[in-house]
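Trainee: Here you go, this is run_19.csv (CSV, C-alpha atoms).
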```csv
chain,number,residue,atom,x,y,z
A,1,MET,CA,0.0,0.0,0.0
A,2,ARG,CA,1.6,3.2,-1.1
A,3,ARG,CA,1.6,6.2,1.3
A,4,HIS,CA,0.8,8.9,-1.2
A,5,PHE,CA,-2.7,9.4,-2.6
A,6,ARG,CA,-4.0,7.5,-5.5
A,7,TYR,CA,-5.6,9.3,-8.4
A,8,ILE,CA,-8.4,7.1,-9.7
A,9,VAL,CA,-9.7,7.6,-13.2
A,10,SER,CA,-12.6,5.5,-14.4
A,11,VAL,CA,-12.8,5.2,-18.1
A,12,THR,CA,-16.1,4.2,-19.7
A,13,ALA,CA,-15.3,1.0,-21.5
A,14,PRO,CA,-17.3,-2.1,-22.6
A,15,HIS,CA,-18.9,-3.9,-19.7
A,16,LYS,CA,-16.5,-6.8,-19.9
A,17,TYR,CA,-13.5,-4.7,-19.1
A,18,PRO,CA,-12.9,-3.3,-15.5
A,19,PRO,CA,-12.4,0.4,-14.9
A,20,VAL,CA,-8.9,1.7,-15.6
A,21,THR,CA,-6.9,2.7,-12.6
A,22,PHE,CA,-3.5,4.4,-12.8
A,23,LEU,CA,-1.2,6.1,-10.5
A,24,PRO,CA,0.3,9.4,-11.7
A,25,PRO,CA,4.0,10.0,-11.2
A,26,ARG,CA,4.9,11.2,-7.7
A,27,ARG,CA,6.5,14.4,-9.1
A,28,HIS,CA,3.2,15.6,-10.6
A,29,LEU,CA,1.0,15.2,-7.5
A,30,TYR,CA,2.0,18.4,-5.7
A,31,SER,CA,1.6,20.6,-8.9
A,32,TRP,CA,-1.8,19.0,-9.7
A,33,SER,CA,-3.2,19.6,-6.2
A,34,ARG,CA,-1.9,23.1,-6.2
A,35,GLU,CA,-3.5,24.0,-9.5
A,36,LEU,CA,-6.8,22.4,-8.4
A,37,SER,CA,-6.9,24.4,-5.2
A,38,ILE,CA,-6.2,27.6,-7.1
A,39,ILE,CA,-9.0,26.9,-9.6
A,40,CYS,CA,-11.5,26.1,-6.7
A,41,SER,CA,-10.6,29.3,-4.8
A,42,LEU,CA,-11.0,31.4,-8.0
A,43,GLU,CA,-14.4,29.9,-8.6
A,44,VAL,CA,-15.5,30.6,-5.0
A,45,ASP,CA,-14.2,34.2,-5.1
A,46,GLN,CA,-16.1,34.7,-8.4
A,47,ILE,CA,-19.3,33.4,-7.0
A,48,MET,CA,-19.0,35.4,-3.8
A,49,SER,CA,-18.2,38.6,-5.7
A,50,THR,CA,-21.5,38.4,-7.5
A,51,LEU,CA,-23.6,38.2,-4.3
A,52,PRO,CA,-24.6,41.5,-2.5
A,53,PRO,CA,-22.7,42.1,0.7
A,54,ILE,CA,-24.4,41.2,4.0
A,55,PRO,CA,-25.5,44.5,5.8
A,56,PRO,CA,-24.6,45.1,9.5
A,57,ASN,CA,-28.4,45.2,10.4
A,58,ILE,CA,-29.0,41.7,9.0
A,59,GLU,CA,-31.0,40.7,12.2
A,60,GLU,CA,-33.6,43.4,11.4
A,61,LEU,CA,-34.3,41.8,8.0
A,62,ALA,CA,-34.2,38.1,9.1
A,63,ALA,CA,-35.8,38.2,12.6
A,64,PRO,CA,-39.3,39.4,11.5
A,65,LEU,CA,-39.4,36.7,8.8
A,66,LEU,CA,-38.2,33.9,11.1
A,67,LEU,CA,-40.3,34.8,14.2
A,68,GLY,CA,-43.4,35.4,12.2
A,69,THR,CA,-43.2,32.0,10.6
A,70,ILE,CA,-42.5,30.2,13.9
A,71,TRP,CA,-45.5,31.8,15.6
A,72,ASN,CA,-47.6,31.1,12.6
A,73,TRP,CA,-46.8,27.4,12.8
A,74,ALA,CA,-47.4,27.4,16.6
A,75,LEU,CA,-50.9,28.8,16.0
A,76,TYR,CA,-51.5,26.2,13.3
A,77,GLY,CA,-50.9,23.5,15.9
A,78,ALA,CA,-53.5,25.2,18.1
A,79,LEU,CA,-55.9,25.3,15.2
A,80,VAL,CA,-55.4,21.5,14.6
A,81,VAL,CA,-56.4,20.9,18.3
A,82,GLN,CA,-59.4,23.1,17.9
A,83,LEU,CA,-60.5,21.3,14.7
A,84,TYR,CA,-60.2,17.9,16.6
A,85,VAL,CA,-62.4,19.3,19.4
A,86,TYR,CA,-64.9,20.5,16.9
A,87,SER,CA,-65.0,17.3,14.9
A,88,TYR,CA,-65.4,15.2,18.0
A,89,ASN,CA,-68.2,17.2,19.7
A,90,PHE,CA,-70.2,18.5,16.7
A,91,PRO,CA,-70.2,15.8,14.0
A,92,ARG,CA,-73.8,16.6,13.1
A,93,ASP,CA,-73.5,20.4,12.6
A,94,LYS,CA,-75.2,22.0,9.6
A,95,LYS,CA,-73.4,21.6,6.3
A,96,LEU,CA,-73.0,25.3,6.0
A,97,ILE,CA,-71.1,25.5,9.3
A,98,LYS,CA,-68.9,22.5,8.4
A,99,ILE,CA,-68.1,24.1,5.0
A,100,LEU,CA,-67.1,27.2,6.9
A,101,VAL,CA,-64.9,25.4,9.4
A,102,TYR,CA,-63.2,23.0,7.1
A,103,GLY,CA,-62.8,25.6,4.4
A,104,VAL,CA,-61.0,27.9,6.7
A,105,PHE,CA,-58.8,25.1,7.9
A,106,LEU,CA,-57.8,24.1,4.4
A,107,LEU,CA,-56.9,27.7,3.6
A,108,GLU,CA,-54.7,27.8,6.7
A,109,THR,CA,-53.1,24.5,5.8
A,110,LEU,CA,-52.2,25.9,2.4
A,111,GLN,CA,-50.9,29.0,4.1
A,112,THR,CA,-48.7,27.0,6.5
A,113,ALA,CA,-47.2,25.0,3.6
A,114,LEU,CA,-46.4,28.1,1.6
A,115,SER,CA,-44.8,29.7,4.7
A,116,GLY,CA,-42.6,26.6,5.0
A,117,ALA,CA,-41.5,27.1,1.4
A,118,ASP,CA,-40.8,30.8,2.2
A,119,ILE,CA,-38.5,29.8,5.1
A,120,TYR,CA,-36.6,27.3,2.9
A,121,TYR,CA,-36.1,29.9,0.2
A,122,TRP,CA,-34.9,32.6,2.7
A,123,PHE,CA,-32.7,30.6,5.0
A,124,VAL,CA,-31.8,27.3,3.3
A,125,SER,CA,-31.4,27.6,-0.4
A,126,GLY,CA,-30.7,31.3,-0.1
A,127,PHE,CA,-28.3,31.1,2.9
A,128,GLY,CA,-26.0,34.1,2.8
A,129,ASN,CA,-27.7,35.5,-0.3
A,130,MET,CA,-29.3,38.9,0.4
A,131,ASP,CA,-31.3,38.7,-2.9
A,132,HIS,CA,-33.2,35.8,-1.4
A,133,LEU,CA,-33.8,37.5,1.9
A,134,THR,CA,-35.2,40.6,0.4
A,135,SER,CA,-37.5,38.7,-2.0
A,136,PRO,CA,-41.1,37.9,-0.8
A,137,TYR,CA,-41.2,34.6,-2.7
A,138,ALA,CA,-44.6,33.1,-1.9
A,139,SER,CA,-45.2,35.4,1.2
A,140,ALA,CA,-46.9,38.0,-1.0
A,141,PHE,CA,-49.7,35.5,-1.5
A,142,ASP,CA,-49.9,33.4,1.7
A,143,VAL,CA,-49.7,36.3,4.2
A,144,PRO,CA,-51.8,39.2,2.9
A,145,ILE,CA,-54.1,37.5,0.4
A,146,ILE,CA,-55.0,34.2,2.3
A,147,GLY,CA,-55.0,36.1,5.6
A,148,ALA,CA,-57.4,38.6,4.1
A,149,VAL,CA,-59.8,35.9,2.9
A,150,VAL,CA,-59.8,34.3,6.4
A,151,SER,CA,-60.3,37.6,8.3
A,152,LEU,CA,-63.0,38.6,5.9
A,153,THR,CA,-64.8,35.3,6.5
A,154,VAL,CA,-64.6,35.5,10.2
A,155,GLN,CA,-65.6,39.1,10.4
A,156,PHE,CA,-68.6,38.4,8.2
A,157,PHE,CA,-69.5,35.6,10.7
A,158,PHE,CA,-69.4,38.0,13.6
A,159,ALA,CA,-71.4,40.6,11.7
A,160,TYR,CA,-74.1,37.9,11.3
A,161,ARG,CA,-73.9,37.1,15.0
A,162,ILE,CA,-74.4,40.8,15.9
A,163,TRP,CA,-77.3,41.0,13.5
A,164,VAL,CA,-78.9,38.0,15.3
A,165,LEU,CA,-78.2,39.4,18.8
A,166,GLY,CA,-79.7,42.8,17.9
A,167,LYS,CA,-83.0,41.1,16.8
A,168,LYS,CA,-82.1,42.1,13.2
A,169,GLU,CA,-82.5,45.7,14.1
A,170,SER,CA,-78.8,46.5,14.0
A,171,TRP,CA,-78.5,45.6,10.3
A,172,TRP,CA,-76.8,48.9,9.7
A,173,LEU,CA,-74.0,48.0,12.1
A,174,SER,CA,-73.5,44.6,10.5
A,175,LEU,CA,-73.4,46.2,7.1
A,176,LEU,CA,-70.8,48.7,8.3
A,177,ILE,CA,-68.6,45.9,9.6
A,178,CYS,CA,-68.9,44.0,6.3
A,179,LEU,CA,-68.0,47.1,4.4
A,180,CYS,CA,-64.9,47.8,6.5
A,181,SER,CA,-63.9,44.2,6.2
A,182,PHE,CA,-64.3,44.2,2.4
A,183,VAL,CA,-62.2,47.4,2.1
A,184,ASP,CA,-59.3,46.1,4.2
A,185,ALA,CA,-59.4,42.7,2.3
A,186,SER,CA,-59.2,44.6,-1.0
A,187,ALA,CA,-56.3,46.6,0.2
A,188,ALA,CA,-54.5,43.4,1.3
A,189,PHE,CA,-55.1,41.8,-2.1
A,190,ALA,CA,-53.7,44.9,-3.8
A,191,GLY,CA,-50.7,45.0,-1.5
A,192,GLY,CA,-49.9,41.4,-2.0
A,193,THR,CA,-50.2,41.7,-5.8
A,194,TYR,CA,-48.0,44.8,-5.8
A,195,THR,CA,-45.3,43.2,-3.8
A,196,HIS,CA,-45.3,40.1,-6.0
A,197,VAL,CA,-45.0,42.1,-9.2
A,198,ARG,CA,-42.1,44.1,-7.8
A,199,GLY,CA,-40.4,41.0,-6.6
A,200,LYS,CA,-39.0,42.6,-3.4
A,201,PHE,CA,-40.2,43.7,0.0
A,202,VAL,CA,-40.5,47.2,-1.5
A,203,ARG,CA,-40.7,50.3,0.6
A,204,GLY,CA,-42.6,53.1,-0.9
A,205,GLN,CA,-45.6,55.4,-0.6
A,206,MET,CA,-47.9,53.1,-2.6
A,207,LEU,CA,-47.2,50.0,-0.4
A,208,LYS,CA,-47.4,52.1,2.8
A,209,ILE,CA,-50.9,53.4,1.7
A,210,LEU,CA,-52.1,49.9,0.9
A,211,ALA,CA,-50.7,48.5,4.2
A,212,LEU,CA,-52.2,51.3,6.2
A,213,THR,CA,-55.6,50.8,4.5
A,214,TRP,CA,-55.5,47.1,5.2
A,215,LEU,CA,-54.6,47.3,8.9
A,216,ILE,CA,-56.8,50.4,9.6
A,217,GLY,CA,-59.8,48.6,8.1
A,218,ASN,CA,-59.0,45.5,10.0
A,219,THR,CA,-58.7,47.3,13.3
A,220,VAL,CA,-61.9,49.3,12.7
A,221,SER,CA,-63.8,46.1,12.0
A,222,ASP,CA,-62.6,44.4,15.1
A,223,LEU,CA,-63.3,47.5,17.2
A,224,LEU,CA,-66.9,47.7,15.8
A,225,ILE,CA,-67.4,44.0,16.6
A,226,THR,CA,-66.0,44.4,20.2
A,227,SER,CA,-68.1,47.5,20.8
A,228,ALA,CA,-71.3,45.9,19.6
A,229,MET,CA,-70.7,42.9,21.8
A,230,LEU,CA,-70.0,45.1,24.8
A,231,TYR,CA,-73.2,46.9,24.1
A,232,HIS,CA,-75.3,43.7,23.9
A,233,LEU,CA,-73.7,42.4,27.1
A,234,ALA,CA,-74.5,45.5,29.0
A,235,GLU,CA,-78.0,45.6,27.6
A,236,ARG,CA,-78.6,41.9,28.5
A,237,LYS,CA,-77.4,42.4,32.1
A,238,ALA,CA,-79.4,45.6,32.6
A,239,ARG,CA,-82.6,44.0,31.2
A,240,ASP,CA,-82.4,40.6,32.8
A,241,GLY,CA,-80.2,41.2,35.8
A,242,GLN,CA,-79.1,38.0,37.6
A,243,TYR,CA,-81.4,35.9,35.3
A,244,SER,CA,-79.4,36.7,32.2
A,245,SER,CA,-78.9,33.8,29.9
A,246,HIS,CA,-75.7,32.0,30.6
A,247,ALA,CA,-75.3,31.0,27.0
A,248,ILE,CA,-75.7,34.6,25.7
A,249,ILE,CA,-73.3,36.0,28.2
A,250,SER,CA,-70.7,33.3,27.5
A,251,ILE,CA,-70.9,33.9,23.7
A,252,VAL,CA,-70.6,37.7,24.0
A,253,ARG,CA,-67.7,37.5,26.5
A,254,LEU,CA,-65.8,35.1,24.4
A,255,THR,CA,-66.3,37.2,21.3
A,256,ILE,CA,-65.0,40.3,23.1
A,257,GLU,CA,-61.9,38.4,24.4
A,258,THR,CA,-60.9,36.9,21.1
A,259,ASN,CA,-61.5,40.2,19.2
A,260,VAL,CA,-59.3,42.1,21.7
A,261,VAL,CA,-56.4,39.8,20.7
A,262,THR,CA,-56.8,40.3,17.0
A,263,THR,CA,-57.4,44.1,17.5
A,264,THR,CA,-54.2,44.3,19.5
A,265,VAL,CA,-52.1,42.5,16.9
A,266,SER,CA,-53.6,44.7,14.1
A,267,ILE,CA,-52.8,47.9,16.1
A,268,ILE,CA,-49.2,46.7,16.7
A,269,ALA,CA,-48.7,46.0,12.9
A,270,LEU,CA,-50.3,49.4,12.1
A,271,LEU,CA,-48.0,51.2,14.4
A,272,MET,CA,-44.9,49.5,12.9
A,273,VAL,CA,-46.0,50.5,9.4
A,274,ALA,CA,-46.8,54.1,10.4
A,275,ILE,CA,-43.7,54.7,12.6
A,276,PHE,CA,-41.1,52.5,10.8
A,277,PRO,CA,-42.1,52.5,7.2
A,278,GLU,CA,-38.6,51.8,6.0
A,279,LYS,CA,-38.3,48.5,7.9
A,280,ASN,CA,-40.1,45.2,7.5
A,281,TRP,CA,-40.9,44.7,11.1
A,282,TYR,CA,-44.7,44.6,10.3
A,283,VAL,CA,-44.1,41.3,8.6
A,284,CYS,CA,-44.0,39.5,11.9
A,285,PRO,CA,-47.5,40.5,13.3
A,286,THR,CA,-49.2,40.3,10.0
A,287,ALA,CA,-47.9,36.8,9.5
A,288,ILE,CA,-50.0,35.5,12.4
A,289,LEU,CA,-53.2,37.6,11.8
A,290,GLY,CA,-54.9,35.0,9.7
A,291,LYS,CA,-54.2,32.2,12.2
A,292,LEU,CA,-55.6,34.3,15.0
A,293,TYR,CA,-58.8,34.8,13.1
A,294,SER,CA,-59.2,31.1,12.2
A,295,ASN,CA,-58.5,30.1,15.8
A,296,THR,CA,-61.1,32.7,16.9
A,297,LEU,CA,-63.7,31.1,14.7
A,298,LEU,CA,-63.0,27.6,15.9
A,299,VAL,CA,-63.0,28.7,19.6
A,300,SER,CA,-66.3,30.4,19.0
A,301,PHE,CA,-67.9,27.2,17.8
A,302,ASN,CA,-66.2,25.0,20.4
A,303,ASN,CA,-67.4,27.3,23.2
A,304,ARG,CA,-70.8,25.5,22.9
A,305,VAL,CA,-69.2,22.7,24.9
A,306,SER,CA,-68.7,24.9,27.9
A,307,ILE,CA,-72.1,26.5,27.4
A,308,ARG,CA,-73.7,23.1,27.4
A,309,ASP,CA,-71.9,22.1,30.6
A,310,GLY,CA,-72.5,25.4,32.3
A,311,VAL,CA,-76.2,25.4,31.5
A,312,GLY,CA,-76.5,21.8,32.6
A,313,ASN,CA,-74.8,22.5,36.0
A,314,GLN,CA,-77.0,25.5,36.9
A,315,SER,CA,-79.5,24.8,39.6
A,316,GLY,CA,-83.1,25.5,38.8
A,317,VAL,CA,-82.4,25.6,35.1
A,318,ILE,CA,-83.1,22.0,34.2
A,319,ARG,CA,-84.0,18.9,36.1
A,320,SER,CA,-83.7,15.2,35.3
A,321,GLY,CA,-86.5,13.6,33.3
A,322,GLY,CA,-86.8,16.4,30.8
A,323,GLY,CA,-87.5,19.5,32.9
A,324,SER,CA,-87.7,23.0,31.5
A,325,PHE,CA,-86.6,26.5,32.2
A,326,PRO,CA,-88.5,28.3,35.0
A,327,SER,CA,-90.8,31.0,33.8
A,328,ASN,CA,-88.5,33.8,34.9
A,329,THR,CA,-85.5,32.4,33.0
A,330,VAL,CA,-87.1,31.5,29.7
A,331,PRO,CA,-84.7,32.8,26.9
A,332,SER,CA,-85.9,35.6,24.7
A,333,ASP,CA,-86.2,35.3,21.0
A,334,ASP,CA,-82.6,36.3,20.3
A,335,ALA,CA,-81.3,33.8,22.8
A,336,HIS,CA,-83.5,31.2,21.3
A,337,ILE,CA,-82.0,31.6,17.9
A,338,LEU,CA,-78.5,31.1,19.3
A,339,LEU,CA,-79.4,28.3,21.7
A,340,VAL,CA,-81.1,26.0,19.2
A,341,ASP,CA,-77.8,24.6,18.0
A,342,ILE,CA,-76.8,24.2,21.7
A,343,LYS,CA,-79.8,22.1,22.4
A,344,LYS,CA,-79.1,20.0,19.3
A,345,THR,CA,-75.5,19.6,20.4
A,346,VAL,CA,-76.5,18.4,23.8
A,347,GLU,CA,-79.0,15.9,22.4
A,348,GLU,CA,-76.6,14.5,19.8
A,349,SER,CA,-73.3,14.6,21.8
A,350,PRO,CA,-71.8,11.2,22.9
A,351,MET,CA,-73.0,11.0,26.5
A,352,ASP,CA,-74.2,8.2,28.8
A,353,SER,CA,-77.8,7.6,29.4
A,354,LYS,CA,-77.8,9.5,32.7
A,355,ALA,CA,-76.1,12.6,31.2
A,356,GLN,CA,-78.4,12.4,28.2
A,357,GLU,CA,-81.3,13.3,30.4
A,358,ARG,CA,-79.8,16.7,31.0
A,359,VAL,CA,-81.1,18.2,27.8
A,360,ILE,CA,-81.9,21.9,27.5
A,361,ASN,CA,-85.6,22.3,26.9
A,362,ILE,CA,-86.0,25.6,25.0
A,363,LYS,CA,-89.5,26.9,24.7
```
Produce structure tokens that represent the structure in this file.
Mentor:
Amino acid sequence: MRRHFRYIVSVTAPHKYPPVTFLPPRRHLYSWSRELSIICSLEVDQIMSTLPPIPPNIEELAAPLLLGTIWNWALYGALVVQLYVYSYNFPRDKKLIKILVYGVFLLETLQTALSGADIYYWFVSGFGNMDHLTSPYASAFDVPIIGAVVSLTVQFFFAYRIWVLGKKESWWLSLLICLCSFVDASAAFAGGTYTHVRGKFVRGQMLKILALTWLIGNTVSDLLITSAMLYHLAERKARDGQYSSHAIISIVRLTIETNVVTTTVSIIALLMVAIFPEKNWYVCPTAILGKLYSNTLLVSFNNRVSIRDGVGNQSGVIRSGGGSFPSNTVPSDDAHILLVDIKKTVEESPMDSKAQERVINIK
């Protein structure tokens, strides 16, 4: 066995002949290896010279993209859990509700997959390449456009709920919420299309106007929904006092709490765009807006489980053997509309025979 390296060359020959192996003269090994190292270093220098230099504020560019995607995936995990809870407890929901729930989930699944492609493009295939890091890739579609579709759907749902709670008299408020939601969704569509056409996270007056319109409309819609729910909650307590419907109060409170979260994130993104228009910090909060809305929708539907248990545990509300509400706690018409599905849920949920007797009897 010789101590110096062998230089193996395989020559394509007929299959009956083995590959040709030869050992170059010892005096040529050093010169060949030196020439090879010089050629490799020249090629690497040529490649690196064509790439843009890495700026000193690289963390300001990379951190919003990375953190936004990580939190987006975390919220997708929460959404999967919410979907499991919904599928287990409400297998016989109306087809329209199922289409809404599973349609939103499919959109969010597509958005999560595209965000994974974004991360791979920015930090794996484009590692060290600033052209990749400043390019939106698929994020111009999966963040503003898909997020706008999800937020528009959820806000329309809450506008319908406000219309029901207001005994169909607050149609003008529901219409105003739908109008604001449509405006901010249109601005998000335009902003995503504009960024995709430009091919970079552009910073300019046009993009700033579109982003501000999107986030302002989003914030206004959430504030209108929260204010309307607060009004209905105060009105319910003032009218019925201690006999207020547990189901109505629970629905209103949950809507307020979840909308406060989405409103807060929208305001944070809005302030980042308004105060720091030359930075892409707004990418982080806007990346999770769609997931917050979809989780809000699923939590709203799954809240019927706690409403069912809460109503079933209230003394004097029901009794075994198919009792009914006392005369002073009979739900009004608006409560009846919202509680019909709760009654159906209790009757159709998988419970033992003793628990099955605790069914809400809505007059």
Trainee: Have a look at A:Ser135, A:Ser250, A:Ser186, A:Gln155 and name the one nearest to A:Ser306; count all atoms listed in the file.
Mentor: A:Ser250
Trainee: Provide the atom CA of A:Pro91 to atom CA of A:Val154 distance in Å, to one decimal place.
Mentor: 20.8 Å
Trainee: Contacts between stretch 222-233 of chain A and stretch 102-204 of chain A, please, where a residue of stretch 102-204 of chain A counts if it comes within 10 Å (with all atoms listed in the file); show its shortest atom pair and distance in Å to one decimal, rows by chain and ascending number, as JSON lines.
Mentor:
```
{"residue": "A:Ser151", "atom": "CA", "partner": "A:Asp222", "partner_atom": "CA", "distance": 9.9}
{"residue": "A:Gln155", "atom": "CA", "partner": "A:Asp222", "partner_atom": "CA", "distance": 7.7}
{"residue": "A:Phe158", "atom": "CA", "partner": "A:Ile225", "partner_atom": "CA", "distance": 7.0}
{"residue": "A:Ala159", "atom": "CA", "partner": "A:Ile225", "partner_atom": "CA", "distance": 7.2}
{"residue": "A:Arg161", "atom": "CA", "partner": "A:Met229", "partner_atom": "CA", "distance": 9.5}
{"residue": "A:Ile162", "atom": "CA", "partner": "A:Ala228", "partner_atom": "CA", "distance": 7.0}
{"residue": "A:Trp163", "atom": "CA", "partner": "A:Ala228", "partner_atom": "CA", "distance": 9.9}
{"residue": "A:Leu165", "atom": "CA", "partner": "A:His232", "partner_atom": "CA", "distance": 7.3}
{"residue": "A:Gly166", "atom": "CA", "partner": "A:His232", "partner_atom": "CA", "distance": 7.5}
{"residue": "A:Ser170", "atom": "CA", "partner": "A:Ala228", "partner_atom": "CA", "distance": 9.4}
{"residue": "A:Leu173", "atom": "CA", "partner": "A:Leu224", "partner_atom": "CA", "distance": 8.0}
{"residue": "A:Ser174", "atom": "CA", "partner": "A:Ile225", "partner_atom": "CA", "distance": 8.6}
{"residue": "A:Leu176", "atom": "CA", "partner": "A:Leu224", "partner_atom": "CA", "distance": 8.5}
{"residue": "A:Ile177", "atom": "CA", "partner": "A:Leu224", "partner_atom": "CA", "distance": 6.7}
{"residue": "A:Cys180", "atom": "CA", "partner": "A:Leu224", "partner_atom": "CA", "distance": 9.5}
{"residue": "A:Ser181", "atom": "CA", "partner": "A:Asp222", "partner_atom": "CA", "distance": 9.0}
```
Trainee: Hey, can you check how far atom CA of A:Gly192 sits from atom CA of A:Tyr137?
Mentor: 11.1 Å
Trainee: Can you tell me which residues surround A:Val81 at a distance of at most 10 Å, considering only C-alpha atoms, apart from same-chain residues fewer than 6 positions away, and format the answer as an MDAnalysis selection string?
Mentor: chainID A and resid 75 87 295 298
Trainee: From the list A:Ile58, A:Ile267, A:Ile97, A:Val261, which residue is nearest A:Asn218 when using all atoms listed in the file?
Mentor: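 With all atoms listed in the file as the atom set, the closest residue is A:Ile267.
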Trainee: Using all atoms listed in the file, which residue out of A:Cys178, A:Ile145, A:Val150, A:Val85 lies closest to A:Leu106?
Mentor: A:Val150
Trainee: Since fewer atoms than expected are present, regenerate N, CA, C and O atoms for stretch 204-219 of chain A and write them as a compact mmCIF listing (two decimals), in the frame of the given file.
Mentor:
```txt
# COMPACT_ATOMS: atom_id res chain seq x y z
N GLY A 204 -42.21 51.94 -0.17
CA GLY A 204 -42.60 53.10 -0.90
C GLY A 204 -43.92 53.64 -0.47
O GLY A 204 -44.59 53.05 0.38
N GLN A 205 -44.31 54.74 -1.03
CA GLN A 205 -45.60 55.40 -0.60
C GLN A 205 -46.76 54.53 -0.98
O GLN A 205 -47.72 54.45 -0.20
N MET A 206 -46.74 53.89 -2.14
CA MET A 206 -47.90 53.10 -2.60
C MET A 206 -48.09 51.90 -1.61
O MET A 206 -49.23 51.65 -1.16
N LEU A 207 -47.03 51.18 -1.29
CA LEU A 207 -47.20 50.00 -0.40
C LEU A 207 -47.58 50.49 1.01
O LEU A 207 -48.36 49.81 1.69
N LYS A 208 -47.07 51.63 1.45
CA LYS A 208 -47.40 52.10 2.80
C LYS A 208 -48.93 52.47 2.82
O LYS A 208 -49.62 52.14 3.81
N ILE A 209 -49.46 53.07 1.76
CA ILE A 209 -50.90 53.40 1.70
C ILE A 209 -51.73 52.13 1.75
O ILE A 209 -52.73 52.03 2.49
N LEU A 210 -51.35 51.13 0.96
CA LEU A 210 -52.10 49.90 0.90
C LEU A 210 -52.03 49.15 2.28
O LEU A 210 -53.05 48.63 2.75
N ALA A 211 -50.85 49.13 2.89
CA ALA A 211 -50.70 48.50 4.20
C ALA A 211 -51.51 49.18 5.26
O ALA A 211 -52.17 48.54 6.11
N LEU A 212 -51.48 50.50 5.26
CA LEU A 212 -52.20 51.30 6.20
C LEU A 212 -53.74 51.06 6.05
O LEU A 212 -54.50 50.91 7.03
N THR A 213 -54.20 51.03 4.80
CA THR A 213 -55.60 50.80 4.50
C THR A 213 -56.04 49.41 5.02
O THR A 213 -57.11 49.25 5.63
N TRP A 214 -55.20 48.43 4.73
CA TRP A 214 -55.50 47.10 5.20
C TRP A 214 -55.60 46.97 6.69
O TRP A 214 -56.59 46.46 7.25
N LEU A 215 -54.62 47.49 7.40
CA LEU A 215 -54.60 47.30 8.90
C LEU A 215 -55.56 48.25 9.57
O LEU A 215 -56.15 47.88 10.59
N ILE A 216 -55.78 49.46 9.03
CA ILE A 216 -56.80 50.40 9.60
C ILE A 216 -58.18 49.76 9.49
O ILE A 216 -58.98 49.74 10.44
N GLY A 217 -58.50 49.26 8.29
CA GLY A 217 -59.80 48.60 8.10
C GLY A 217 -59.99 47.40 8.98
O GLY A 217 -61.08 47.18 9.54
N ASN A 218 -58.92 46.62 9.14
CA ASN A 218 -59.00 45.50 10.00
C ASN A 218 -59.23 45.86 11.44
O ASN A 218 -60.07 45.26 12.14
N THR A 219 -58.52 46.88 11.90
CA THR A 219 -58.70 47.30 13.30
C THR A 219 -60.07 47.92 13.52
O THR A 219 -60.69 47.65 14.57
```
